[in-house]
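Asker: Structure file start_16.csv (CSV, C-alpha atoms) right here:
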chain,number,residue,atom,x,y,z
A,1,MET,CA,41.4,9.5,-97.3
A,2,ARG,CA,44.8,8.1,-97.8
A,3,GLY,CA,45.0,9.8,-101.2
A,4,LEU,CA,44.0,13.1,-99.7
A,5,ARG,CA,46.8,12.8,-97.1
A,6,TRP,CA,49.2,12.1,-100.0
A,7,HIS,CA,48.1,15.2,-101.8
A,8,ALA,CA,48.3,17.3,-98.6
A,9,ALA,CA,51.9,16.1,-98.1
A,10,LEU,CA,52.8,16.8,-101.7
A,11,LEU,CA,51.2,20.3,-101.4
A,12,LEU,CA,53.1,20.9,-98.2
A,13,ALA,CA,56.4,19.8,-99.9
A,14,LEU,CA,55.8,22.1,-102.8
A,15,VAL,CA,55.0,25.0,-100.6
A,16,SER,CA,58.1,24.6,-98.5
A,17,LEU,CA,60.2,24.1,-101.7
A,18,ALA,CA,58.8,27.4,-103.1
A,19,GLY,CA,59.7,28.9,-99.7
A,20,VAL,CA,63.3,27.8,-100.0
A,21,VAL,CA,63.5,29.1,-103.6
A,22,ASP,CA,61.9,32.4,-102.5
A,23,ALA,CA,64.3,32.7,-99.5
A,24,ALA,CA,67.3,32.1,-101.8
A,25,THR,CA,66.1,34.8,-104.2
A,26,ALA,CA,65.2,37.2,-101.4
A,27,THR,CA,68.7,37.0,-99.9
A,28,ARG,CA,70.5,37.4,-103.2
A,29,PRO,CA,72.6,40.6,-103.3
A,30,HIS,CA,71.2,43.7,-104.8
A,31,PHE,CA,73.5,44.5,-107.7
A,32,THR,CA,71.1,46.9,-109.4
A,33,GLY,CA,72.1,50.5,-109.3
A,34,VAL,CA,74.9,52.8,-110.4
A,35,TRP,CA,78.6,51.9,-109.7
A,36,SER,CA,81.9,53.5,-110.2
A,37,LYS,CA,85.4,52.0,-110.0
A,38,LYS,CA,87.3,52.8,-106.7
A,39,PHE,CA,90.5,53.8,-108.5
A,40,ARG,CA,92.4,54.4,-105.2
A,41,ASP,CA,91.3,51.2,-103.5
A,42,PRO,CA,94.4,49.0,-102.9
A,43,ALA,CA,92.2,46.0,-104.0
A,44,ASN,CA,92.3,47.5,-107.5
A,45,VAL,CA,96.0,46.7,-108.0
A,46,ALA,CA,97.2,46.1,-111.6
A,47,VAL,CA,98.1,42.4,-112.1
A,48,PRO,CA,100.5,41.6,-115.0
A,49,ILE,CA,98.9,39.7,-117.9
A,50,PRO,CA,100.6,36.2,-118.0
A,51,TYR,CA,101.4,36.2,-121.7
A,52,ASN,CA,103.2,33.4,-123.5
A,53,ALA,CA,106.3,34.4,-125.5
A,54,GLU,CA,104.5,35.0,-128.8
A,55,TYR,CA,101.9,37.3,-127.4
A,56,LEU,CA,104.4,39.0,-125.0
A,57,ALA,CA,106.4,40.0,-128.1
A,58,ARG,CA,103.2,41.5,-129.7
A,59,TYR,CA,102.3,43.2,-126.4
A,60,GLN,CA,105.8,44.8,-126.1
A,61,ARG,CA,105.5,46.1,-129.7
A,62,ASN,CA,102.3,47.8,-128.7
A,63,ILE,CA,103.7,49.2,-125.5
A,64,LYS,CA,106.5,50.7,-127.6
A,65,LEU,CA,103.9,52.4,-129.8
A,66,VAL,CA,102.1,53.7,-126.8
A,67,GLU,CA,105.3,55.1,-125.4
A,68,GLU,CA,106.2,56.7,-128.7
A,69,GLY,CA,102.7,58.4,-128.7
A,70,LYS,CA,101.7,56.5,-131.8
A,71,LEU,CA,98.9,54.4,-130.2
A,72,ASP,CA,96.4,55.9,-127.7
A,73,LEU,CA,93.3,53.8,-127.3
A,74,GLY,CA,91.4,56.5,-125.5
A,75,GLY,CA,92.6,59.2,-127.9
A,76,GLN,CA,91.5,57.2,-130.9
A,77,CYS,CA,88.1,56.7,-129.3
A,78,LEU,CA,88.2,52.9,-129.5
A,79,PRO,CA,85.5,51.1,-127.5
A,80,PRO,CA,87.3,49.2,-124.8
A,81,GLY,CA,85.2,46.1,-124.9
A,82,VAL,CA,85.0,43.3,-122.3
A,83,PRO,CA,86.9,43.2,-119.9
A,84,ARG,CA,88.6,46.6,-120.1
A,85,LEU,CA,85.2,48.4,-120.1
A,86,LEU,CA,85.0,47.4,-116.4
A,87,ASP,CA,88.5,48.8,-115.7
A,88,ILE,CA,88.0,52.3,-117.0
A,89,ILE,CA,86.7,55.6,-115.9
A,90,GLY,CA,82.9,56.1,-116.0
A,91,GLN,CA,79.9,55.0,-114.1
A,92,PHE,CA,77.8,52.0,-115.1
A,93,GLU,CA,74.3,51.1,-114.2
A,94,ILE,CA,73.1,47.5,-113.7
A,95,LEU,CA,69.4,47.0,-114.5
A,96,ASP,CA,67.5,43.9,-113.6
A,97,SER,CA,65.5,43.9,-116.8
A,98,PRO,CA,64.0,43.0,-119.2
A,99,PRO,CA,62.9,39.6,-117.6
A,100,GLY,CA,65.5,37.0,-118.0
A,101,ARG,CA,68.2,39.5,-118.6
A,102,LEU,CA,70.5,42.0,-117.0
A,103,THR,CA,71.2,45.2,-118.9
A,104,ILE,CA,74.4,47.1,-118.1
A,105,LEU,CA,74.7,50.6,-119.3
A,106,HIS,CA,78.1,52.2,-119.4
A,107,GLU,CA,78.8,55.9,-119.6
A,108,TYR,CA,82.1,55.2,-121.4
A,109,GLU,CA,81.4,55.3,-125.2
A,110,THR,CA,77.7,54.7,-124.2
A,111,GLN,CA,78.2,51.0,-124.3
A,112,VAL,CA,75.5,48.5,-123.5
A,113,ARG,CA,75.9,44.9,-122.3
A,114,ARG,CA,73.0,42.4,-122.5
A,115,VAL,CA,73.5,39.5,-120.1
A,116,PHE,CA,71.2,36.5,-120.6
A,117,LEU,CA,70.3,34.7,-117.4
A,118,ASP,CA,70.4,30.9,-117.3
A,119,ALA,CA,70.9,30.9,-121.0
A,120,ARG,CA,73.5,29.2,-123.2
A,121,HIS,CA,75.9,30.8,-125.7
A,122,PRO,CA,74.7,30.2,-129.3
A,123,GLU,CA,76.5,27.5,-131.2
A,124,LYS,CA,77.8,30.1,-133.6
A,125,THR,CA,77.9,33.8,-132.8
A,126,SER,CA,79.7,36.6,-134.5
A,127,ARG,CA,82.3,38.4,-132.5
A,128,ALA,CA,81.5,41.8,-131.0
A,129,VAL,CA,83.4,44.2,-128.7
A,130,ASN,CA,81.4,43.2,-125.7
A,131,GLY,CA,81.0,39.6,-126.8
A,132,HIS,CA,78.1,37.4,-125.9
A,133,SER,CA,77.3,37.2,-122.1
A,134,ILE,CA,75.3,34.7,-120.1
A,135,ALA,CA,75.0,34.6,-116.3
A,136,ARG,CA,74.0,32.2,-113.6
A,137,TRP,CA,73.8,32.4,-109.8
A,138,GLU,CA,76.2,30.4,-107.7
A,139,GLY,CA,75.0,31.0,-104.1
A,140,ASN,CA,75.3,34.7,-103.6
A,141,GLN,CA,77.6,35.3,-106.5
A,142,LEU,CA,76.4,36.1,-110.0
A,143,VAL,CA,78.7,34.6,-112.5
A,144,ILE,CA,78.8,36.3,-115.9
A,145,ASP,CA,80.5,34.3,-118.7
A,146,THR,CA,81.4,36.2,-121.9
A,147,VAL,CA,82.8,34.8,-125.2
A,148,ALA,CA,82.9,35.9,-128.9
A,149,ILE,CA,84.9,39.0,-128.1
A,150,SER,CA,86.1,41.1,-131.1
A,151,ASP,CA,89.7,40.8,-132.3
A,152,PHE,CA,89.8,44.6,-131.9
A,153,VAL,CA,89.5,44.6,-128.1
A,154,PHE,CA,92.6,45.0,-126.0
A,155,LEU,CA,93.0,43.6,-122.5
A,156,ASP,CA,94.5,46.8,-121.1
A,157,GLY,CA,95.4,50.4,-121.9
A,158,ASN,CA,98.7,49.3,-123.4
A,159,ALA,CA,96.9,47.5,-126.2
A,160,GLY,CA,97.4,44.0,-124.7
A,161,PRO,CA,96.4,41.6,-127.4
A,162,HIS,CA,94.2,38.5,-127.1
A,163,GLY,CA,93.6,35.3,-129.0
A,164,LYS,CA,90.5,33.8,-130.6
A,165,SER,CA,89.5,31.7,-127.6
A,166,LEU,CA,89.2,34.6,-125.1
A,167,ARG,CA,86.7,34.0,-122.4
A,168,VAL,CA,86.0,36.4,-119.5
A,169,ILE,CA,84.4,35.2,-116.3
A,170,GLU,CA,83.2,37.9,-113.9
A,171,ARG,CA,82.1,36.9,-110.4
A,172,LEU,CA,80.0,39.6,-108.8
A,173,SER,CA,79.4,39.8,-105.1
A,174,LEU,CA,78.8,42.6,-102.5
A,175,VAL,CA,81.4,43.3,-100.0
A,176,ASP,CA,78.8,45.5,-98.3
A,177,PRO,CA,75.6,47.2,-99.7
A,178,GLU,CA,77.7,50.0,-101.0
A,179,THR,CA,80.7,48.0,-102.5
A,180,LEU,CA,80.5,45.7,-105.5
A,181,LYS,CA,83.4,43.3,-106.0
A,182,ILE,CA,84.1,41.6,-109.3
A,183,GLU,CA,86.6,38.8,-109.5
A,184,PHE,CA,87.8,38.4,-113.1
A,185,THR,CA,89.2,35.3,-114.7
A,186,VAL,CA,90.4,35.9,-118.2
A,187,GLU,CA,91.0,32.6,-120.1
A,188,ASP,CA,92.9,32.7,-123.3
A,189,PRO,CA,94.9,29.5,-124.0
A,190,ASP,CA,96.3,30.9,-127.3
A,191,ALA,CA,97.8,33.9,-125.6
A,192,LEU,CA,98.2,33.2,-121.9
A,193,THR,CA,100.3,30.7,-120.0
A,194,GLN,CA,97.6,30.6,-117.3
A,195,PRO,CA,94.3,32.4,-116.6
A,196,TRP,CA,94.7,36.1,-115.8
A,197,ARG,CA,93.0,36.7,-112.5
A,198,TYR,CA,92.4,40.1,-110.8
A,199,THR,CA,89.8,41.8,-108.7
A,200,ARG,CA,88.1,45.2,-109.0
A,201,VAL,CA,85.9,47.0,-106.5
A,202,TYR,CA,83.3,49.6,-107.2
A,203,GLN,CA,81.5,52.2,-105.1
A,204,ARG,CA,77.7,52.5,-105.3
A,205,GLN,CA,76.8,56.0,-106.5
A,206,LYS,CA,73.7,57.7,-105.1
A,207,ASP,CA,71.9,60.5,-106.8
A,208,SER,CA,74.4,60.4,-109.7
A,209,PRO,CA,72.7,59.5,-112.9
A,210,LEU,CA,74.8,58.4,-115.8
A,211,ILE,CA,76.1,61.2,-118.1
A,212,ASP,CA,77.0,59.7,-121.5
A,213,TYR,CA,80.6,59.9,-122.8
A,214,GLU,CA,80.3,59.7,-126.5
A,215,CYS,CA,83.9,60.0,-127.6
A,216,ASN,CA,83.4,61.3,-131.1
A,217,GLU,CA,80.9,64.1,-130.6
A,218,ASN,CA,83.5,66.8,-131.2
A,219,PRO,CA,86.7,65.3,-132.7
A,220,ARG,CA,89.4,68.0,-132.1
A,221,ASN,CA,92.3,65.6,-131.6
A,222,PRO,CA,92.5,64.1,-135.0
A,223,VAL,CA,94.6,60.9,-135.4
A,224,ASN,CA,97.6,61.6,-137.7
A,225,SER,CA,98.8,59.0,-140.2
A,226,ASP,CA,101.5,57.8,-137.8
A,227,GLY,CA,98.9,57.3,-135.0
A,228,SER,CA,99.9,60.4,-133.0
A,229,LEU,CA,97.2,62.8,-132.1
A,230,GLY,CA,96.7,66.4,-133.3
A,231,TYR,CA,95.2,69.4,-131.6
A,232,SER,CA,92.7,71.6,-133.5
A,233,PHE,CA,92.9,75.3,-132.7
A,234,LYS,CA,89.7,75.8,-134.5
A,235,PRO,CA,86.4,73.8,-134.2
A,236,PRO,CA,86.2,71.1,-136.9
A,237,PHE,CA,82.8,72.4,-137.9
A,238,GLU,CA,80.6,75.3,-137.0
B,239,MET,CA,115.1,57.7,-112.7
B,240,LYS,CA,113.2,56.8,-109.5
B,241,ILE,CA,111.5,60.2,-109.6
B,242,ARG,CA,110.7,59.7,-113.3
B,243,SER,CA,109.1,56.3,-112.5
B,244,ALA,CA,107.1,57.7,-109.6
B,245,LEU,CA,105.9,60.5,-111.9
B,246,LEU,CA,104.9,58.0,-114.6
B,247,VAL,CA,102.9,56.0,-112.0
B,248,LEU,CA,101.3,59.2,-110.8
B,249,MET,CA,100.4,60.1,-114.4
B,250,ALA,CA,99.0,56.7,-115.0
B,251,SER,CA,96.8,57.1,-111.9
B,252,TRP,CA,95.6,60.5,-113.3
B,253,MET,CA,94.9,59.0,-116.6
B,254,THR,CA,92.7,56.3,-115.1
B,255,ALA,CA,91.0,58.6,-112.6
B,256,ALA,CA,89.3,61.0,-115.0
B,257,TYR,CA,87.9,61.2,-118.5
B,258,ALA,CA,91.4,62.0,-119.7
B,259,HIS,CA,90.6,60.8,-123.3
B,260,HIS,CA,94.2,61.0,-124.5
B,261,SER,CA,97.6,61.0,-123.0
B,262,PHE,CA,98.9,64.3,-121.7
B,263,ALA,CA,102.2,63.9,-123.6
B,264,MET,CA,101.3,66.9,-125.8
B,265,PHE,CA,101.0,69.3,-122.7
B,266,ASP,CA,103.8,70.6,-120.6
B,267,LEU,CA,102.6,69.6,-117.1
B,268,THR,CA,105.6,71.2,-115.5
B,269,ARG,CA,104.2,74.6,-116.4
B,270,LYS,CA,101.0,76.5,-115.7
B,271,VAL,CA,100.2,79.8,-117.4
B,272,ALA,CA,97.5,82.4,-116.9
B,273,VAL,CA,95.6,83.5,-120.0
B,274,LYS,CA,93.1,86.4,-119.7
B,275,GLY,CA,90.6,87.1,-122.5
B,276,THR,CA,87.1,87.0,-123.8
B,277,VAL,CA,85.2,83.8,-124.5
B,278,THR,CA,84.3,83.6,-128.2
B,279,ARG,CA,82.9,80.0,-128.2
B,280,PHE,CA,82.1,77.5,-125.5
B,281,GLU,CA,81.8,73.9,-126.7
B,282,TRP,CA,80.0,71.6,-124.3
B,283,SER,CA,81.1,68.4,-125.9
B,284,ASN,CA,82.8,65.0,-125.5
B,285,PRO,CA,85.5,63.8,-125.4
B,286,HIS,CA,86.5,67.4,-124.3
B,287,VAL,CA,84.7,70.6,-123.4
B,288,TRP,CA,86.5,73.4,-125.3
B,289,ILE,CA,86.9,77.1,-124.6
B,290,GLN,CA,87.8,79.5,-127.4
B,291,LEU,CA,89.2,82.7,-126.1
B,292,ASN,CA,90.2,85.9,-127.6
B,293,VAL,CA,93.4,87.2,-125.9
B,294,PRO,CA,94.6,90.7,-126.6
B,295,ASN,CA,98.4,90.9,-127.3
B,296,ALA,CA,100.7,92.9,-125.1
B,297,SER,CA,100.6,96.0,-127.2
B,298,GLY,CA,96.8,95.9,-127.4
B,299,SER,CA,96.9,96.2,-131.2
B,300,GLY,CA,95.5,92.8,-131.9
B,301,ALA,CA,94.4,89.5,-130.4
B,302,VAL,CA,95.2,85.8,-130.6
B,303,GLU,CA,92.5,83.2,-130.4
B,304,TRP,CA,93.4,80.5,-127.8
B,305,ALA,CA,91.8,77.0,-127.9
B,306,VAL,CA,91.7,75.5,-124.4
B,307,GLU,CA,91.0,71.8,-123.9
B,308,ALA,CA,88.9,71.0,-120.8
B,309,PRO,CA,87.9,67.6,-119.3
B,310,ALA,CA,84.8,65.7,-120.6
B,311,ILE,CA,81.2,66.7,-119.9
B,312,ALA,CA,80.7,64.1,-117.1
B,313,GLY,CA,83.8,65.1,-115.1
B,314,LEU,CA,82.9,68.8,-115.3
B,315,ALA,CA,79.1,68.3,-114.7
B,316,ARG,CA,79.9,66.5,-111.5
B,317,VAL,CA,81.8,69.5,-110.1
B,318,GLY,CA,79.1,72.0,-110.9
B,319,TRP,CA,79.6,73.0,-114.6
B,320,HIS,CA,76.7,73.0,-117.1
B,321,SER,CA,76.2,73.7,-120.7
B,322,ASP,CA,75.9,77.5,-120.2
B,323,SER,CA,78.6,77.9,-117.5
B,324,LEU,CA,80.4,80.2,-120.0
B,325,LYS,CA,79.1,82.2,-123.0
B,326,PRO,CA,80.6,84.4,-125.7
B,327,GLY,CA,81.5,87.7,-124.3
B,328,ASP,CA,82.4,86.5,-120.8
B,329,ALA,CA,85.7,88.0,-119.5
B,330,ILE,CA,87.6,85.2,-117.9
B,331,THR,CA,91.1,84.1,-116.7
B,332,VAL,CA,92.1,80.6,-117.7
B,333,TYR,CA,95.0,78.8,-116.1
B,334,LEU,CA,96.3,76.1,-118.3
B,335,HIS,CA,99.2,73.6,-118.9
B,336,PRO,CA,100.5,74.9,-122.3
B,337,LEU,CA,101.0,72.8,-125.4
B,338,LYS,CA,104.6,71.7,-125.8
B,339,ASN,CA,104.6,72.8,-129.4
B,340,GLY,CA,104.1,76.5,-128.3
B,341,GLY,CA,100.7,76.9,-130.0
B,342,PRO,CA,98.0,79.0,-128.4
B,343,GLY,CA,96.4,76.1,-126.5
B,344,GLY,CA,96.6,73.9,-123.5
B,345,ALA,CA,94.9,71.7,-120.9
B,346,LEU,CA,92.6,73.6,-118.7
B,347,ALA,CA,93.6,73.8,-115.0
B,348,ASP,CA,91.2,76.4,-113.7
B,349,VAL,CA,88.7,79.1,-114.7
B,350,VAL,CA,88.1,82.3,-112.8
B,351,LEU,CA,85.2,84.5,-113.9
B,352,ALA,CA,85.3,88.3,-113.9
B,353,ASP,CA,83.6,88.5,-110.5
B,354,GLY,CA,86.2,86.2,-109.0
B,355,THR,CA,84.1,83.1,-109.0
B,356,LYS,CA,86.1,79.9,-109.6
B,357,LEU,CA,84.5,77.2,-111.6
B,358,GLY,CA,84.7,73.7,-110.2
B,359,GLN,CA,87.8,71.5,-110.7
B,360,THR,CA,87.7,67.8,-111.4
B,361,GLY,CA,89.9,65.5,-109.3
B,362,ILE,CA,92.5,65.2,-112.1
B,363,GLN,CA,92.7,69.0,-112.4
B,364,LYS,CA,93.2,69.3,-108.7
B,365,GLU,CA,95.9,66.7,-108.6
B,366,ARG,CA,97.8,68.4,-111.3
B,367,ASP,CA,97.4,71.7,-109.5
B,368,GLN,CA,98.8,70.2,-106.3
B,369,SER,CA,101.8,68.8,-108.1
B,370,GLY,CA,103.7,72.0,-107.3
B,371,VAL,CA,103.2,73.7,-110.6
B,372,LYS,CA,102.9,77.4,-110.1
B,373,VAL,CA,101.9,80.2,-112.4
B,374,PRO,CA,105.2,81.9,-113.4
Using structure tokens, write down the structure that the file contains.
Answerer:
Amino acid sequence: MRGLRWHAALLLALVSLAGVVDAATATRPHFTGVWSKKFRDPANVAVPIPYNAEYLARYQRNIKLVEEGKLDLGGQCLPPGVPRLLDIIGQFEILDSPPGRLTILHEYETQVRRVFLDARHPEKTSRAVNGHSIARWEGNQLVIDTVAISDFVFLDGNAGPHGKSLRVIERLSLVDPETLKIEFTVEDPDALTQPWRYTRVYQRQKDSPLIDYECNENPRNPVNSDGSLGYSFKPPFE
Amino acid sequence: MKIRSALLVLMASWMTAAYAHHSFAMFDLTRKVAVKGTVTRFEWSNPHVWIQLNVPNASGSGAVEWAVEAPAIAGLARVGWHSDSLKPGDAITVYLHPLKNGGPGGALADVVLADGTKLGQTGIQKERDQSGVKVP
């Protein structure tokens, strides 16, 4: 009789625990859907990258090239990589699948991010433009942690360089059902004097499916040997 | 100098607010010209949609082929364009910001069809149009 009561109590405890877990899951924000950066929102202000002297010098050299028309990241169709992919034109769609993963589809350069939930970064992973991403829930925030980002990714449109230890933390939350906020913390002790923190807000898009932007379909702005862009008066191929 | 900085900021906001692909440095954004002709080819492609246009010269004795660079597919599709919005043989008037090098090309501002219908303009095209640039 006593044993039975024990079991009943245990069962009750398990049921209520499951209820707590369910309640937490049920109240989690609904990030799935199509989003687009609110370019004119004052929250999306540009925050200077806190470079150390060595990287600032490299950055300034790149800015000069951009100003001289000899470096145009968009024009050269370079994939932006993380984090710039989230700071650029183009809608993206967050999918809550497959199980244990989020998949984020981006219009820009038809990029795909695979975010592994409650996982760990591999001990050794090769660098890639969108790195390796894991995520965990912290209350109502989803925290995405990305490492192993390619050397050929720039932090901003002026070809801001980064070091080998780049890590990007994105904290996703909903301001309201139609507004996604991502708080970025970019850690890079080789290049930065302190983490680079900024916020971006995105508008939920309804009835607006993604339209892929594959930058090299019809290359009519060839990159000249000095990095400047040309203009083809005739189609490159028939 | 102040005006120049303000203009640069404005241009930066344009560049980020549309599928701009590359910088607009090659185009003269202080000018807008009207080019009237016949479509020879319509390329529904990324990073730009392109319109090839046969434009008769003033004497009517010959024609020059113009190559007009439009925004990307996604931008135009969201303002009503589709892959057969234009076809070879269509008589159209194109308003464009000409190439600085004087070649027969430019950045598309607006398209008006023979029956007067205006095709949709993306946000960036509208902003440039509202910047006070008039057809001479």
Asker: Write out as a list in words each polymer residue whose atoms come within 8 Å of Ile149 of chain A, counting only C-alpha atoms; drop sequence neighbours fewer than 4 positions from it.
Answerer: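 That gives Gly81, Val82, Arg127, Ala128, Val129, Asn130, Gly131, His132, Val153, Leu166 and Arg167 of chain A.
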Asker: Write out as an mmCIF file with C-alpha atoms, keeping the file's coordinate frame which residues come within 8 Å of segment 109-119 of chain A when counting all atoms listed in the file, dropping same-chain ones fewer than 6 positions away.
Answerer:
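Wrote it out as part36.cif, contents follow:
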data_model
loop_
_atom_site.group_PDB
_atom_site.id
_atom_site.type_symbol
_atom_site.label_atom_id
_atom_site.label_comp_id
_atom_site.auth_asym_id
_atom_site.auth_seq_id
_atom_site.Cartn_x
_atom_site.Cartn_y
_atom_site.Cartn_z
ATOM 1 C CA CYS A 77 88.100 56.700 -129.300
ATOM 2 C CA PRO A 79 85.500 51.100 -127.500
ATOM 3 C CA GLY A 100 65.500 37.000 -118.000
ATOM 4 C CA ARG A 101 68.200 39.500 -118.600
ATOM 5 C CA LEU A 102 70.500 42.000 -117.000
ATOM 6 C CA THR A 103 71.200 45.200 -118.900
ATOM 7 C CA ASN A 130 81.400 43.200 -125.700
ATOM 8 C CA HIS A 132 78.100 37.400 -125.900
ATOM 9 C CA SER A 133 77.300 37.200 -122.100
ATOM 10 C CA ILE A 134 75.300 34.700 -120.100
ATOM 11 C CA ALA A 135 75.000 34.600 -116.300
ATOM 12 C CA ARG A 136 74.000 32.200 -113.600
ATOM 13 C CA ILE A 144 78.800 36.300 -115.900
ATOM 14 C CA ASP A 212 77.000 59.700 -121.500
ATOM 15 C CA TYR A 213 80.600 59.900 -122.800
ATOM 16 C CA GLU A 214 80.300 59.700 -126.500
ATOM 17 C CA CYS A 215 83.900 60.000 -127.600
#
Asker: Give me the residues near segment 317-330 of chain B as a PyMOL selection string, where near means some atom within 10 Å (using all atoms listed in the file) and where sequence neighbours in that chain fewer than 2 positions away do not count.
Answerer: chain B and resi 273-283+287+289-292+311-315+332-333+349-361
Asker: Pull out every residue of chain A that has at least one atom within 9 Å of chain B, counting all atoms listed in the file, and report them as a PyMOL selection string.
Answerer: chain A and resi 39-40+69+72-77+87-90+107-108+208+210-221+229-235
Asker: Using only C-alpha atoms and a cutoff of 8 Å, can you tell me which residues are near (83.9, 58.5, -108.0) in the file's coordinates, and write them out as a list in words?
Answerer: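 Collected hits near the coordinates: Ser36, Lys37, Lys38, Gln203 and Gln205 of chain A.
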Asker: Please determine the residues with any atom at most 7 Å from (90.1, 45.1, -121.1) (coordinates as given in the file, with all atoms listed in the file counting) and report them as a PyMOL selection string.
Answerer: chain A and resi 80-85+87+154-156
Asker: Give me a file of those residues, with C-alpha atoms, as a PDB file, in the frame of the given file.
Answerer:
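Below is the file that was written, again.pdb:
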ATOM      1  CA  PRO A  80      87.300  49.200-124.800  1.00  0.00           C
ATOM      2  CA  GLY A  81      85.200  46.100-124.900  1.00  0.00           C
ATOM      3  CA  VAL A  82      85.000  43.300-122.300  1.00  0.00           C
ATOM      4  CA  PRO A  83      86.900  43.200-119.900  1.00  0.00           C
ATOM      5  CA  ARG A  84      88.600  46.600-120.100  1.00  0.00           C
ATOM      6  CA  LEU A  85      85.200  48.400-120.100  1.00  0.00           C
ATOM      7  CA  ASP A  87      88.500  48.800-115.700  1.00  0.00           C
ATOM      8  CA  PHE A 154      92.600  45.000-126.000  1.00  0.00           C
ATOM      9  CA  LEU A 155      93.000  43.600-122.500  1.00  0.00           C
ATOM     10  CA  ASP A 156      94.500  46.800-121.100  1.00  0.00           C
TER      11      ASP A 156
END
Asker: For a test of reading the model, state the distance in Å between atom CA of Tyr198 of chain A and atom CA of Pro42 of chain A, rounded to one decimal.
Answerer: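 A separation of 12.1 Å between them.
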Asker: At a cut-off of 10 Å, using only C-alpha atoms, what residues contact Val371 of chain B? Leave out same-chain residues fewer than 6 positions from it and give the result as a PyMOL selection string.
Answerer: chain B and resi 267-271+335
Asker: One number please: atom CA of Asp348 of chain B to atom CA of Pro222 of chain A, in Å, one decimal.
Answerer: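 So the answer is 24.6 Å.
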Asker: Would you compute the distance between atom CA of Asp41 of chain A and atom CA of Leu95 of chain A? Give it in Å to one decimal.
Answerer: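 Atom CA of Leu95 of chain A lies 24.9 Å from atom CA of Asp41 of chain A.
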Asker: Specify the axis-aligned box that encloses all atoms of segment 131-147 of chain A listed in the file after padding of 6 Å on each side, stating its centre and edge lengths in Å to one decimal as AutoDock Vina command-line options.
Answerer:
--center_x 78.3 --center_y 35.0 --center_z -115.2 --size_x 21.0 --size_y 21.2 --size_z 35.2
